[in-house]
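Text of the file structure25.txt, holding compact mmCIF, C-alpha atoms:
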```txt
# COMPACT_ATOMS: atom_id res chain seq x y z
CA MET A 24 -4.82 73.26 265.79
CA ASP A 25 -2.71 70.51 267.22
CA ILE A 26 -1.43 67.47 265.37
CA SER A 27 -0.25 64.52 267.35
CA VAL A 28 1.68 61.62 265.94
CA THR A 29 1.05 58.67 268.19
CA GLY A 30 1.47 54.96 268.22
CA PRO A 31 -1.49 52.60 268.22
CA LYS A 32 -4.21 53.18 270.73
CA VAL A 33 -4.21 50.96 273.79
CA TYR A 34 -7.49 49.17 274.39
CA VAL A 35 -6.82 46.71 277.15
CA ARG A 36 -4.20 47.13 279.77
CA ILE A 37 -2.89 44.79 282.49
CA GLU A 38 -2.86 47.28 285.29
CA TRP A 39 -0.25 45.82 287.68
CA LEU A 40 2.22 45.16 284.85
CA TYR A 41 1.68 48.65 283.51
CA GLN A 42 2.24 50.18 286.89
CA LYS A 43 5.38 48.11 287.34
CA PHE A 44 6.98 49.26 284.09
CA ALA A 45 5.62 52.80 283.83
CA GLY A 46 8.49 55.25 283.87
CA THR A 47 11.21 52.61 283.45
CA MET A 48 13.46 52.07 280.40
CA VAL A 49 11.12 49.39 279.07
CA ASP A 50 8.30 51.89 278.88
CA MET A 51 10.20 53.80 276.21
CA PHE A 52 9.66 50.99 273.70
CA GLY A 53 6.23 49.81 274.71
CA ASN A 54 4.89 48.89 278.06
CA LEU A 55 4.43 45.18 278.77
CA GLY A 56 1.14 46.05 280.41
CA ASN A 57 -0.46 47.12 277.16
CA LEU A 58 -2.10 43.84 276.17
CA VAL A 59 -4.50 44.74 273.39
CA THR A 60 -3.86 47.67 271.09
CA GLN A 61 -5.27 49.03 267.87
CA THR A 62 -2.73 46.91 265.99
CA THR A 63 -3.97 43.73 267.63
CA VAL A 64 -7.48 44.40 266.41
CA SER A 65 -6.18 45.03 262.90
CA ILE A 66 -4.15 41.83 262.99
CA PHE A 67 -7.22 39.81 263.86
CA LEU A 68 -9.24 41.52 261.15
CA VAL A 69 -6.54 40.79 258.59
CA THR A 70 -6.47 37.18 259.70
CA ILE A 71 -10.21 36.83 259.29
CA MET A 72 -10.21 38.64 255.94
CA LEU A 73 -7.43 36.45 254.55
CA MET A 74 -9.18 33.32 255.75
CA ILE A 75 -12.37 34.36 254.00
CA LEU A 76 -10.41 35.35 250.91
CA GLY A 77 -8.56 32.05 250.85
CA TRP A 78 -11.75 30.14 251.36
CA VAL A 79 -13.59 32.02 248.61
CA ALA A 80 -10.71 31.80 246.16
CA SER A 81 -10.23 28.07 246.59
CA ARG A 82 -13.86 27.02 246.69
CA ASN A 83 -15.00 24.44 244.11
CA LEU A 84 -11.67 23.86 242.47
CA THR A 85 -12.31 22.03 239.21
CA LYS A 86 -10.31 20.84 236.24
CA ARG A 87 -12.32 23.22 234.09
CA PRO A 88 -11.88 26.48 235.96
CA GLY A 89 -14.36 29.29 236.28
CA ARG A 90 -13.39 32.95 236.09
CA LEU A 91 -12.40 33.23 239.75
CA GLN A 92 -10.36 30.05 239.65
CA VAL A 93 -8.50 31.24 236.56
CA ILE A 94 -7.48 34.42 238.39
CA THR A 95 -6.50 32.47 241.51
CA GLU A 96 -4.48 30.02 239.50
CA LYS A 97 -2.80 32.77 237.53
CA LEU A 98 -1.75 34.59 240.69
CA ILE A 99 -0.53 31.45 242.39
CA THR A 100 1.37 30.40 239.28
CA MET A 101 2.99 33.85 239.22
CA LEU A 102 3.88 33.50 242.89
CA TYR A 103 5.44 30.08 242.37
CA GLY A 104 7.30 31.46 239.37
CA LEU A 105 8.62 34.36 241.43
CA VAL A 106 9.77 32.15 244.30
CA GLU A 107 11.32 29.55 242.01
CA GLY A 108 12.99 32.28 239.99
CA THR A 109 14.48 33.95 243.06
CA MET A 110 15.21 30.99 245.31
CA GLY A 111 15.61 28.18 242.80
CA LYS A 112 13.36 25.26 241.97
CA HIS A 113 14.48 23.26 245.00
CA ASN A 114 13.07 25.98 247.32
CA SER A 115 9.59 25.86 245.82
CA HIS A 116 8.15 24.69 249.15
CA PHE A 117 8.71 28.18 250.64
CA THR A 118 6.05 29.61 248.32
CA PRO A 119 3.11 29.26 250.75
CA TYR A 120 5.01 31.19 253.40
CA ILE A 121 6.11 33.92 250.98
CA GLY A 122 2.55 34.21 249.67
CA THR A 123 1.21 34.41 253.21
CA LEU A 124 3.74 37.06 254.13
CA PHE A 125 2.92 39.09 251.05
CA LEU A 126 -0.84 38.92 251.58
CA THR A 127 -0.57 39.61 255.30
CA SER A 128 1.68 42.58 254.70
CA ILE A 129 -0.35 44.14 251.92
CA PHE A 130 -3.66 43.62 253.74
CA GLY A 131 -2.09 44.87 256.94
CA SER A 132 -0.96 48.05 255.21
CA LEU A 133 -4.19 48.63 253.32
CA ILE A 134 -6.43 48.17 256.35
CA GLY A 135 -5.13 51.60 257.39
CA THR A 136 -6.93 53.21 254.45
CA THR A 137 -10.24 52.50 256.16
CA ALA A 138 -9.37 55.31 258.62
CA ILE A 139 -11.09 53.25 261.29
CA PHE A 140 -8.33 50.74 261.78
CA ARG A 141 -4.62 51.30 261.97
CA SER A 142 -2.23 49.59 259.57
CA THR A 143 -0.67 46.60 261.26
CA THR A 144 2.59 47.40 259.50
CA ALA A 145 2.61 50.90 261.00
CA ASP A 146 3.56 49.16 264.24
CA LEU A 147 7.21 48.19 264.61
CA SER A 148 6.23 45.18 266.72
CA VAL A 149 4.59 43.53 263.72
CA THR A 150 7.31 44.14 261.16
CA LEU A 151 9.95 43.15 263.69
CA ALA A 152 8.08 39.94 264.42
CA TRP A 153 8.02 39.11 260.70
CA ALA A 154 11.67 40.06 260.23
CA LEU A 155 12.64 37.81 263.13
CA VAL A 156 10.76 34.96 261.48
CA THR A 157 12.89 35.53 258.39
CA SER A 158 16.07 35.57 260.48
CA GLY A 159 14.93 32.45 262.30
CA MET A 160 14.38 30.71 258.98
CA VAL A 161 17.84 31.78 257.81
CA TRP A 162 19.51 30.55 260.98
CA TYR A 163 17.56 27.31 261.10
CA ASN A 164 18.29 26.48 257.48
CA ASN A 165 21.94 27.47 257.79
CA ILE A 166 22.41 25.13 260.73
CA LYS A 167 20.37 22.40 259.09
CA ASN A 168 22.22 22.55 255.77
CA PHE A 169 25.76 23.46 256.78
CA GLY A 170 25.91 22.33 260.41
CA PHE A 171 26.16 24.35 263.61
CA VAL A 172 29.96 24.61 263.58
CA ALA A 173 30.10 25.71 259.97
CA TRP A 174 27.43 28.32 260.69
CA LEU A 175 29.44 29.72 263.61
CA LYS A 176 32.60 29.57 261.53
CA GLY A 177 30.83 31.61 258.88
CA PHE A 178 31.00 34.63 261.22
CA THR A 179 34.81 34.60 261.17
CA GLU A 180 34.98 34.89 257.40
CA PRO A 181 36.69 36.26 255.40
CA VAL A 182 39.04 37.16 258.31
CA VAL A 183 38.68 36.71 262.06
CA VAL A 184 38.82 40.46 262.63
CA MET A 185 35.51 40.78 260.82
CA THR A 186 33.65 38.74 263.45
CA PRO A 187 32.10 41.69 265.33
CA MET A 188 31.04 43.25 262.04
CA ASN A 189 29.44 40.01 260.94
CA ILE A 190 27.54 39.71 264.22
CA VAL A 191 26.34 43.29 263.95
CA GLY A 192 25.33 42.60 260.36
CA GLU A 193 23.38 39.55 261.46
CA ILE A 194 21.49 41.64 264.01
CA ALA A 195 21.07 44.57 261.65
CA GLN A 196 19.46 42.38 259.02
CA PRO A 197 16.10 41.85 260.76
CA LEU A 198 16.21 45.35 262.24
CA SER A 199 16.71 47.00 258.86
CA MET A 200 13.95 44.89 257.35
CA ALA A 201 11.59 45.75 260.18
CA PHE A 202 12.39 49.45 260.16
CA ARG A 203 12.18 49.71 256.38
CA HIS A 204 8.69 48.31 256.28
CA PHE A 205 7.52 50.09 259.40
CA GLY A 206 9.10 53.39 258.40
CA ASN A 207 7.57 53.45 254.95
CA VAL A 208 4.05 52.72 256.10
CA ALA A 209 4.13 54.77 259.30
CA GLY A 210 5.99 57.59 257.60
CA GLY A 211 3.43 57.59 254.83
CA SER A 212 0.60 57.87 257.31
CA VAL A 213 2.41 60.66 259.20
CA LEU A 214 2.96 62.56 255.96
CA THR A 215 -0.65 62.11 254.99
CA THR A 216 -1.72 63.40 258.40
CA LEU A 217 0.57 66.42 258.10
CA ILE A 218 -0.62 67.27 254.62
CA TYR A 219 -4.20 66.79 255.73
CA ALA A 220 -3.68 69.28 258.55
CA ALA A 221 -1.83 71.68 256.26
CA LEU A 222 -4.68 71.55 253.79
CA ALA A 223 -7.11 72.43 256.58
CA VAL A 224 -5.02 75.47 257.41
CA ALA A 225 -4.72 76.42 253.74
CA SER A 226 -8.44 75.97 253.30
CA LYS A 227 -9.15 78.24 256.21
CA ALA A 228 -6.78 80.87 254.84
CA LEU A 229 -8.33 80.66 251.40
CA PHE A 230 -11.82 81.29 252.71
CA SER A 231 -10.85 83.79 255.39
CA TRP A 232 -12.97 86.48 253.70
CA LEU A 233 -16.08 84.65 254.90
CA PRO A 234 -17.68 85.85 258.12
CA ALA A 235 -16.21 84.16 261.19
CA MET A 236 -19.43 82.38 262.05
CA VAL A 237 -19.73 80.80 258.61
CA LEU A 238 -16.06 79.90 258.58
CA GLU A 239 -16.53 77.91 261.79
CA LEU A 240 -19.05 75.65 260.06
CA PHE A 241 -17.45 75.74 256.62
CA PRO A 242 -15.76 72.44 255.67
CA PRO A 243 -12.05 72.53 254.73
CA LEU A 244 -12.74 72.15 251.00
CA LEU A 245 -9.11 71.61 250.01
CA GLN A 246 -9.06 68.41 252.02
CA ALA A 247 -11.34 66.82 249.44
CA GLY A 248 -9.57 65.26 246.51
CA ILE A 249 -5.92 66.17 246.96
CA PRO A 250 -5.15 63.61 249.72
CA ALA A 251 -6.61 60.88 247.53
CA PHE A 252 -3.73 61.19 245.08
CA LEU A 253 -1.21 61.15 247.90
CA SER A 254 -2.95 58.15 249.32
CA LEU A 255 -2.52 56.35 246.01
CA TYR A 256 1.21 56.63 246.50
CA PHE A 257 1.63 56.46 250.28
CA ASP A 258 -0.95 53.79 250.91
CA PHE A 259 -1.54 51.67 247.86
CA PHE A 260 1.75 51.88 245.97
CA SER A 261 3.87 51.91 249.09
CA ALA A 262 1.93 49.02 250.60
CA PHE A 263 2.53 46.95 247.50
CA VAL A 264 6.18 47.87 247.14
CA GLN A 265 6.98 47.31 250.81
CA ALA A 266 5.23 43.94 250.86
CA PHE A 267 7.13 42.99 247.75
CA VAL A 268 10.47 44.21 249.09
CA PHE A 269 9.95 42.41 252.38
CA CYS A 270 9.13 39.16 250.59
CA LEU A 271 12.02 39.59 248.19
CA LEU A 272 14.50 40.14 251.00
CA THR A 273 13.12 37.15 252.85
CA MET A 274 13.50 35.06 249.72
CA VAL A 275 17.04 36.20 249.09
CA TYR A 276 18.19 35.68 252.68
CA VAL A 277 16.54 32.29 253.04
CA ALA A 278 17.74 31.18 249.61
CA GLY A 279 21.28 31.97 250.75
CA ALA A 280 20.83 29.47 253.55
CA CYS A 281 19.16 26.89 251.29
CA PRO A 282 21.49 26.12 248.40
CA SER A 283 20.57 23.52 245.82
CA PRO A 284 21.91 19.98 246.45
CA GLU A 285 24.66 20.51 243.86
CA GLU A 286 25.80 23.78 245.40
CA LEU A 287 25.70 22.20 248.85
CA ALA A 288 27.86 19.30 247.72
CA GLU A 289 30.28 21.79 246.18
CA ALA A 290 30.44 23.85 249.40
CA LYS A 291 31.01 20.71 251.47
CA SER A 292 33.81 19.50 249.21
CA GLU A 293 35.60 22.83 249.50
CA GLU A 294 35.97 22.47 253.26
CA MET B 23 -7.09 44.07 283.34
CA LYS B 24 -8.72 47.27 282.41
CA VAL B 25 -10.24 48.76 279.29
CA VAL B 26 -8.67 52.12 278.55
CA PHE B 27 -9.74 54.82 276.08
CA ASP B 28 -7.21 57.59 276.04
CA ALA B 29 -3.82 55.89 276.05
CA PHE B 30 -1.45 55.52 273.13
CA GLU B 31 1.65 53.46 272.61
CA SER B 32 4.84 55.18 271.60
CA PHE B 33 5.12 55.75 267.87
CA VAL B 34 8.30 53.74 267.48
CA GLY B 35 7.97 50.97 269.97
CA VAL B 36 7.98 47.24 270.33
CA ASN B 37 5.14 45.67 272.22
CA VAL B 38 5.88 42.06 273.03
CA TRP B 39 2.17 41.21 273.17
CA THR B 40 1.64 42.63 269.69
CA MET B 41 4.63 40.64 268.45
CA LEU B 42 3.14 37.52 269.93
CA PHE B 43 -0.18 38.21 268.27
CA ALA B 44 1.57 38.92 264.99
CA TRP B 45 3.43 35.60 265.15
CA CYS B 46 0.35 33.62 266.09
CA ASN B 47 -1.74 35.14 263.37
CA LEU B 48 0.99 34.79 260.76
CA LEU B 49 1.23 31.11 261.69
CA ILE B 50 -2.54 30.68 261.56
CA ILE B 51 -2.83 32.44 258.21
CA TYR B 52 0.11 30.46 256.88
CA LEU B 53 -1.27 27.09 257.91
CA PHE B 54 -4.78 27.97 256.79
CA LEU B 55 -3.82 29.38 253.39
CA LYS B 56 -1.34 26.59 252.77
CA LYS B 57 -3.94 23.97 253.51
CA ILE B 58 -6.86 25.54 251.73
CA LEU B 59 -5.35 27.68 248.99
CA PHE B 60 -1.74 27.22 247.94
CA VAL B 61 -1.34 23.48 247.99
CA PRO B 62 -4.74 22.54 246.50
CA VAL B 63 -4.49 25.14 243.75
CA LYS B 64 -0.92 24.13 242.96
CA ASN B 65 -1.93 20.48 242.86
CA MET B 66 -4.84 21.36 240.61
CA ILE B 67 -2.56 23.26 238.23
CA ASP B 68 -0.01 20.46 238.23
CA SER B 69 -2.56 17.72 237.71
CA ARG B 70 -4.14 19.65 234.85
CA GLN B 71 -0.71 20.23 233.36
CA LYS B 72 -0.01 16.53 233.63
CA GLU B 73 -3.33 15.68 232.05
CA VAL B 74 -2.65 18.01 229.14
CA ASP B 75 0.81 16.56 228.71
CA ASP B 76 -0.62 13.04 228.77
CA MET B 77 -3.24 14.02 226.23
CA TYR B 78 -0.62 15.46 223.92
CA SER B 79 1.67 12.49 224.24
CA SER B 80 -1.19 10.04 223.68
CA ALA B 81 -2.32 12.05 220.67
CA GLU B 82 1.22 11.96 219.34
CA SER B 83 1.50 8.23 219.84
CA ALA B 84 -1.90 7.75 218.19
CA GLU B 85 -0.72 9.82 215.26
CA ALA B 86 2.44 7.77 215.01
CA ASP B 87 0.36 4.59 215.12
CA ALA B 88 -1.90 5.89 212.40
CA LYS B 89 1.08 6.82 210.27
CA ALA B 90 2.63 3.39 210.77
CA MET B 91 -0.66 1.76 209.87
CA LYS B 92 -1.00 3.92 206.79
CA ALA B 93 2.50 2.97 205.66
CA GLU B 94 1.68 -0.66 206.28
CA TYR B 95 -1.51 -0.44 204.27
CA GLU B 96 0.22 1.34 201.45
CA GLU B 97 2.85 -1.34 201.37
CA LYS B 98 0.21 -4.04 201.39
CA LEU B 99 -1.67 -2.28 198.65
CA SER B 100 1.37 -1.95 196.43
CA LYS B 101 2.22 -5.58 197.11
CA ALA B 102 -1.30 -6.58 196.14
CA ASN B 103 -0.97 -4.56 192.95
CA GLU B 104 2.28 -6.28 192.14
CA GLU B 105 0.75 -9.63 192.87
CA SER B 106 -2.23 -9.01 190.67
CA GLU B 107 0.08 -7.90 187.89
CA GLU B 108 2.15 -11.00 188.39
CA ILE B 109 -0.91 -13.17 188.24
CA LEU B 110 -2.03 -11.42 185.11
CA ARG B 111 1.37 -11.84 183.52
CA THR B 112 1.51 -15.50 184.42
CA ALA B 113 -1.95 -16.05 183.06
CA GLN B 114 -1.03 -14.30 179.87
CA ARG B 115 2.11 -16.32 179.48
CA ARG B 116 0.26 -19.51 180.16
CA ALA B 117 -2.42 -18.59 177.72
CA LEU B 118 0.18 -17.84 175.12
CA LEU B 119 1.85 -21.18 175.71
CA LYS B 120 -1.47 -22.93 175.53
CA GLU B 121 -2.30 -21.16 172.31
CA GLU B 122 0.99 -22.15 170.77
CA GLU B 123 0.52 -25.69 171.93
CA ILE B 124 -2.97 -25.86 170.51
CA LEU B 125 -1.82 -24.39 167.23
CA LYS B 126 1.05 -26.82 167.04
CA GLU B 127 -1.19 -29.72 167.86
CA ALA B 128 -3.68 -28.57 165.30
CA SER B 129 -1.05 -28.23 162.63
CA GLN B 130 0.36 -31.61 163.59
CA GLU B 131 -3.07 -33.11 163.42
CA ALA B 132 -3.61 -31.52 160.03
CA GLN B 133 -0.25 -32.81 158.89
CA ARG B 134 -1.13 -36.24 160.04
CA ILE B 135 -4.44 -36.15 158.30
CA ARG B 136 -2.80 -34.93 155.14
CA ASP B 137 -0.13 -37.62 155.36
CA ARG B 138 -2.71 -40.29 155.80
CA ALA B 139 -4.69 -38.90 152.93
CA ASP B 140 -1.56 -38.94 150.80
CA GLU B 141 -0.85 -42.48 151.80
CA GLU B 142 -4.38 -43.45 151.04
CA ILE B 143 -4.18 -41.74 147.69
CA VAL B 144 -0.98 -43.58 146.91
CA LEU B 145 -2.46 -46.87 147.99
CA GLU B 146 -5.60 -46.22 146.04
CA LYS B 147 -3.55 -45.28 143.06
CA GLN B 148 -1.57 -48.48 143.35
CA ARG B 149 -4.71 -50.44 143.81
CA MET B 150 -6.28 -48.76 140.88
CA LEU B 151 -3.17 -49.33 138.84
CA GLY B 152 -3.20 -52.99 139.81
CA GLU B 153 -6.83 -53.29 138.87
CA ILE B 154 -6.27 -51.51 135.63
CA LYS B 155 -3.30 -53.73 134.93
CA ASP B 156 -5.38 -56.81 135.62
CA GLU B 157 -8.15 -55.51 133.43
CA VAL B 158 -5.79 -54.57 130.68
CA SER B 159 -4.00 -57.91 130.90
CA GLY B 160 -7.35 -59.67 130.77
CA MET B 161 -8.37 -57.65 127.83
CA ALA B 162 -5.01 -58.24 126.19
CA ILE B 163 -5.36 -61.95 126.74
CA ASP B 164 -8.83 -61.84 125.32
CA ILE B 165 -7.62 -59.86 122.32
CA ALA B 166 -4.61 -62.03 121.90
CA SER B 167 -6.77 -65.16 122.16
CA ALA B 168 -9.03 -63.74 119.60
CA VAL B 169 -6.11 -62.87 117.37
CA ILE B 170 -4.25 -66.06 117.82
CA GLY B 171 -7.28 -68.17 117.89
CA ARG B 172 -6.46 -70.18 120.73
CA GLU B 173 -6.62 -69.87 124.36
CA VAL B 174 -3.96 -68.05 126.07
CA LYS B 175 -3.40 -69.29 129.49
CA PRO B 176 -2.73 -66.56 131.84
CA SER B 177 -0.64 -68.74 134.03
CA GLU B 178 1.66 -69.50 131.14
CA HIS B 179 1.89 -66.14 129.56
CA GLU B 180 1.53 -63.95 132.48
CA LYS B 181 5.16 -62.96 132.44
CA LEU B 182 5.05 -62.02 128.89
CA ILE B 183 1.92 -59.98 129.23
CA ASP B 184 3.13 -58.10 132.23
CA ASP B 185 6.33 -57.18 130.48
CA MET B 186 4.37 -55.93 127.57
CA ILE B 187 2.10 -53.82 129.68
CA ASP B 188 5.00 -52.39 131.51
CA GLU B 189 6.56 -51.56 128.20
CA LEU B 190 3.36 -49.89 127.03
CA GLY B 191 2.97 -48.06 130.31
CA GLY B 192 6.53 -46.88 130.09
CA LYS B 193 6.02 -45.25 126.74
```

If you took the structure in this file and wrote it as structure tokens, what would it be?
Amino acid sequence: MDISVTGPKVYVRIEWLYQKFAGTMVDMFGNLGNLVTQTTVSIFLVTIMLMILGWVASRNLTKRPGRLQVITEKLITMLYGLVEGTMGKHNSHFTPYIGTLFLTSIFGSLIGTTAIFRSTTADLSVTLAWALVTSGMVWYNNIKNFGFVAWLKGFTEPVVVMTPMNIVGEIAQPLSMAFRHFGNVAGGSVLTTLIYAALAVASKALFSWLPAMVLELFPPLLQAGIPAFLSLYFDFFSAFVQAFVFCLLTMVYVAGACPSPEELAEAKSEE
Amino acid sequence: MKVVFDAFESFVGVNVWTMLFAWCNLLIIYLFLKKILFVPVKNMIDSRQKEVDDMYSSAESAEADAKAMKAEYEEKLSKANEESEEILRTAQRRALLKEEEILKEASQEAQRIRDRADEEIVLEKQRMLGEIKDEVSGMAIDIASAVIGREVKPSEHEKLIDDMIDELGGK
């Protein structure tokens, strides 16, 4: 029995680019020639699913809501409450993005439970892309609210010696976010795979008294049931928690760059 | 470009194409959900909230109006009560005055009638007395004439006769 832990399958490849990078340093992280992978397919599926979901949930909005609209409104009210509670009332306009990020993340993680498609978040490219969006938002808002010079000056605080540390911290921020999300989901799937394989071995050992011919056809009985409980944690719970953590971190970082008008005036007067 | 079946990416790797797809799709989902879900639902919630608030405030103002109106009516009612009492009191007082006046008038009238009657009685008495005096004097003259045997002329003896009568009457 051999277990292989691999990245997403490659479906479409640009041959000349692949040939050019094969065997170089770049190939270690992901060859530029690999155009369409398993993750890409999952991303498109998630996009379509969320569009349908959004369309269904917001159909026939009325002043006197039906059951579906009540649920939708409740969830969206909760989301606005969460964002306003974490980022402040003046940052309420970030809610659609946070909601999108949360839904995309949780759907991206859960699509892996189909066993046909791979979780989008089990690919570092995806989580890194999202984390870079967060960093971009932080940088953009910092420069917009405090000015470019003040933003650069922020790296030399509290003392000039700290500048390299601050720069490393700035780079580590998206990386840690990306690796946290990726590691939890991918690690979960790896663990599930390992346990699945182990259960097959255990199953075979348990029924080793059967004749060899029967054993060949006999299903690994232990594989039924037990992985479901693990899946509850590694797939469903972890997907929810990681989506939540990712959104929370995004909120906290972006909120730091978007102070309320009073706080901004205070910060400006201190200079 | 070539479709492949047996190749895998590295487990921990960054594929720029996948990142690009992730960004594009995140943007598409964001714009789509914002347009169709978040903003309309939020607006719906807010507008309903506003409507409810308006309803409550209008109900409150209506209640306040009703209370003010009630107070006004109560005031009017009590004023009307007072007025009616006042009218009643005035009427009573006037009636009392009228009664007194009538009674006084009546008693005055009665007094007057009595006075006149008294006067009349006195006059009549005097008249009667005069008549009686005349009669008596006539009779006295007649008697005296008869006694004396000659005619007594009233014109001559009137003084004498009257004195006599007065003397008799005084006794």

What lies within 9 Å of region 50-61 of chain B using all atoms listed in the file, ignoring chain neighbours under 4 positions off, as a short mmCIF file (atom, residue, chain, number, x, y, z; two decimals) with C-alpha atoms, keeping the file's coordinate frame?
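Result written to result-v1.cif:
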```cif
data_model
loop_
_atom_site.label_atom_id
_atom_site.label_comp_id
_atom_site.auth_asym_id
_atom_site.auth_seq_id
_atom_site.Cartn_x
_atom_site.Cartn_y
_atom_site.Cartn_z
CA THR A 70 -6.47 37.18 259.70
CA ILE A 71 -10.21 36.83 259.29
CA LEU A 73 -7.43 36.45 254.55
CA MET A 74 -9.18 33.32 255.75
CA GLY A 77 -8.56 32.05 250.85
CA TRP A 78 -11.75 30.14 251.36
CA ALA A 80 -10.71 31.80 246.16
CA SER A 81 -10.23 28.07 246.59
CA ARG A 82 -13.86 27.02 246.69
CA THR A 95 -6.50 32.47 241.51
CA ILE A 99 -0.53 31.45 242.39
CA THR A 118 6.05 29.61 248.32
CA PRO A 119 3.11 29.26 250.75
CA TYR A 120 5.01 31.19 253.40
CA GLY A 122 2.55 34.21 249.67
CA THR A 123 1.21 34.41 253.21
CA LEU A 124 3.74 37.06 254.13
CA THR A 127 -0.57 39.61 255.30
CA TRP B 45 3.43 35.60 265.15
CA CYS B 46 0.35 33.62 266.09
CA ASN B 65 -1.93 20.48 242.86
CA MET B 66 -4.84 21.36 240.61
#
```

With 12 Å as the threshold, what does the neighbourhood of (-6.8, 35.3, 239.4) contain in terms of residues, counting all atoms listed in the file? Coordinates are those of the file; answer as an MDAnalysis selection string. (chainID A and resid 79:81 88:102) or (chainID B and resid 63)

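The gap separating CA of Ile194 (chain A) from CA of Ser158 (chain A) is 8.9 Å, in Å to one decimal.
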
Residues of chain A within 7 Å of chain B, counting all atoms listed in the file, what are they? List them as a PyMOL selection string. chain A and resi 29-38+52-55+58+63+66+70+74+77-78+81+86+96+119-120+123+147-149+152

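You will find CA of Gln133 (chain B) at 26.5 Å from CA of Arg115 (chain B).
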
Identify, on the basis of only C-alpha atoms, every residue whose closest approach to region 153-156 of chain B does not exceed 12 Å; exclude the query and any residue fewer than 6 positions from it along the same chain; express the result as a list in words. Leu145, Glu146, Lys147, Ala162, Ile163, Asp164, Pro176, Glu180, Ile183, Asp184, Asp185, Met186, Ile187, Asp188, Leu190 and Gly191 of chain B

Provide the CA of Val275 (chain A) to CA of Pro197 (chain A) distance in Å, to one decimal place. 13.0 Å

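Using only C-alpha atoms, the protein and nucleic acid residues lying no more than 8 Å from Met200 (chain A), apart from those fewer than 6 places from it along its own chain, are Thr150, Leu151, Ala154, Phe269 and Leu272 of chain A.
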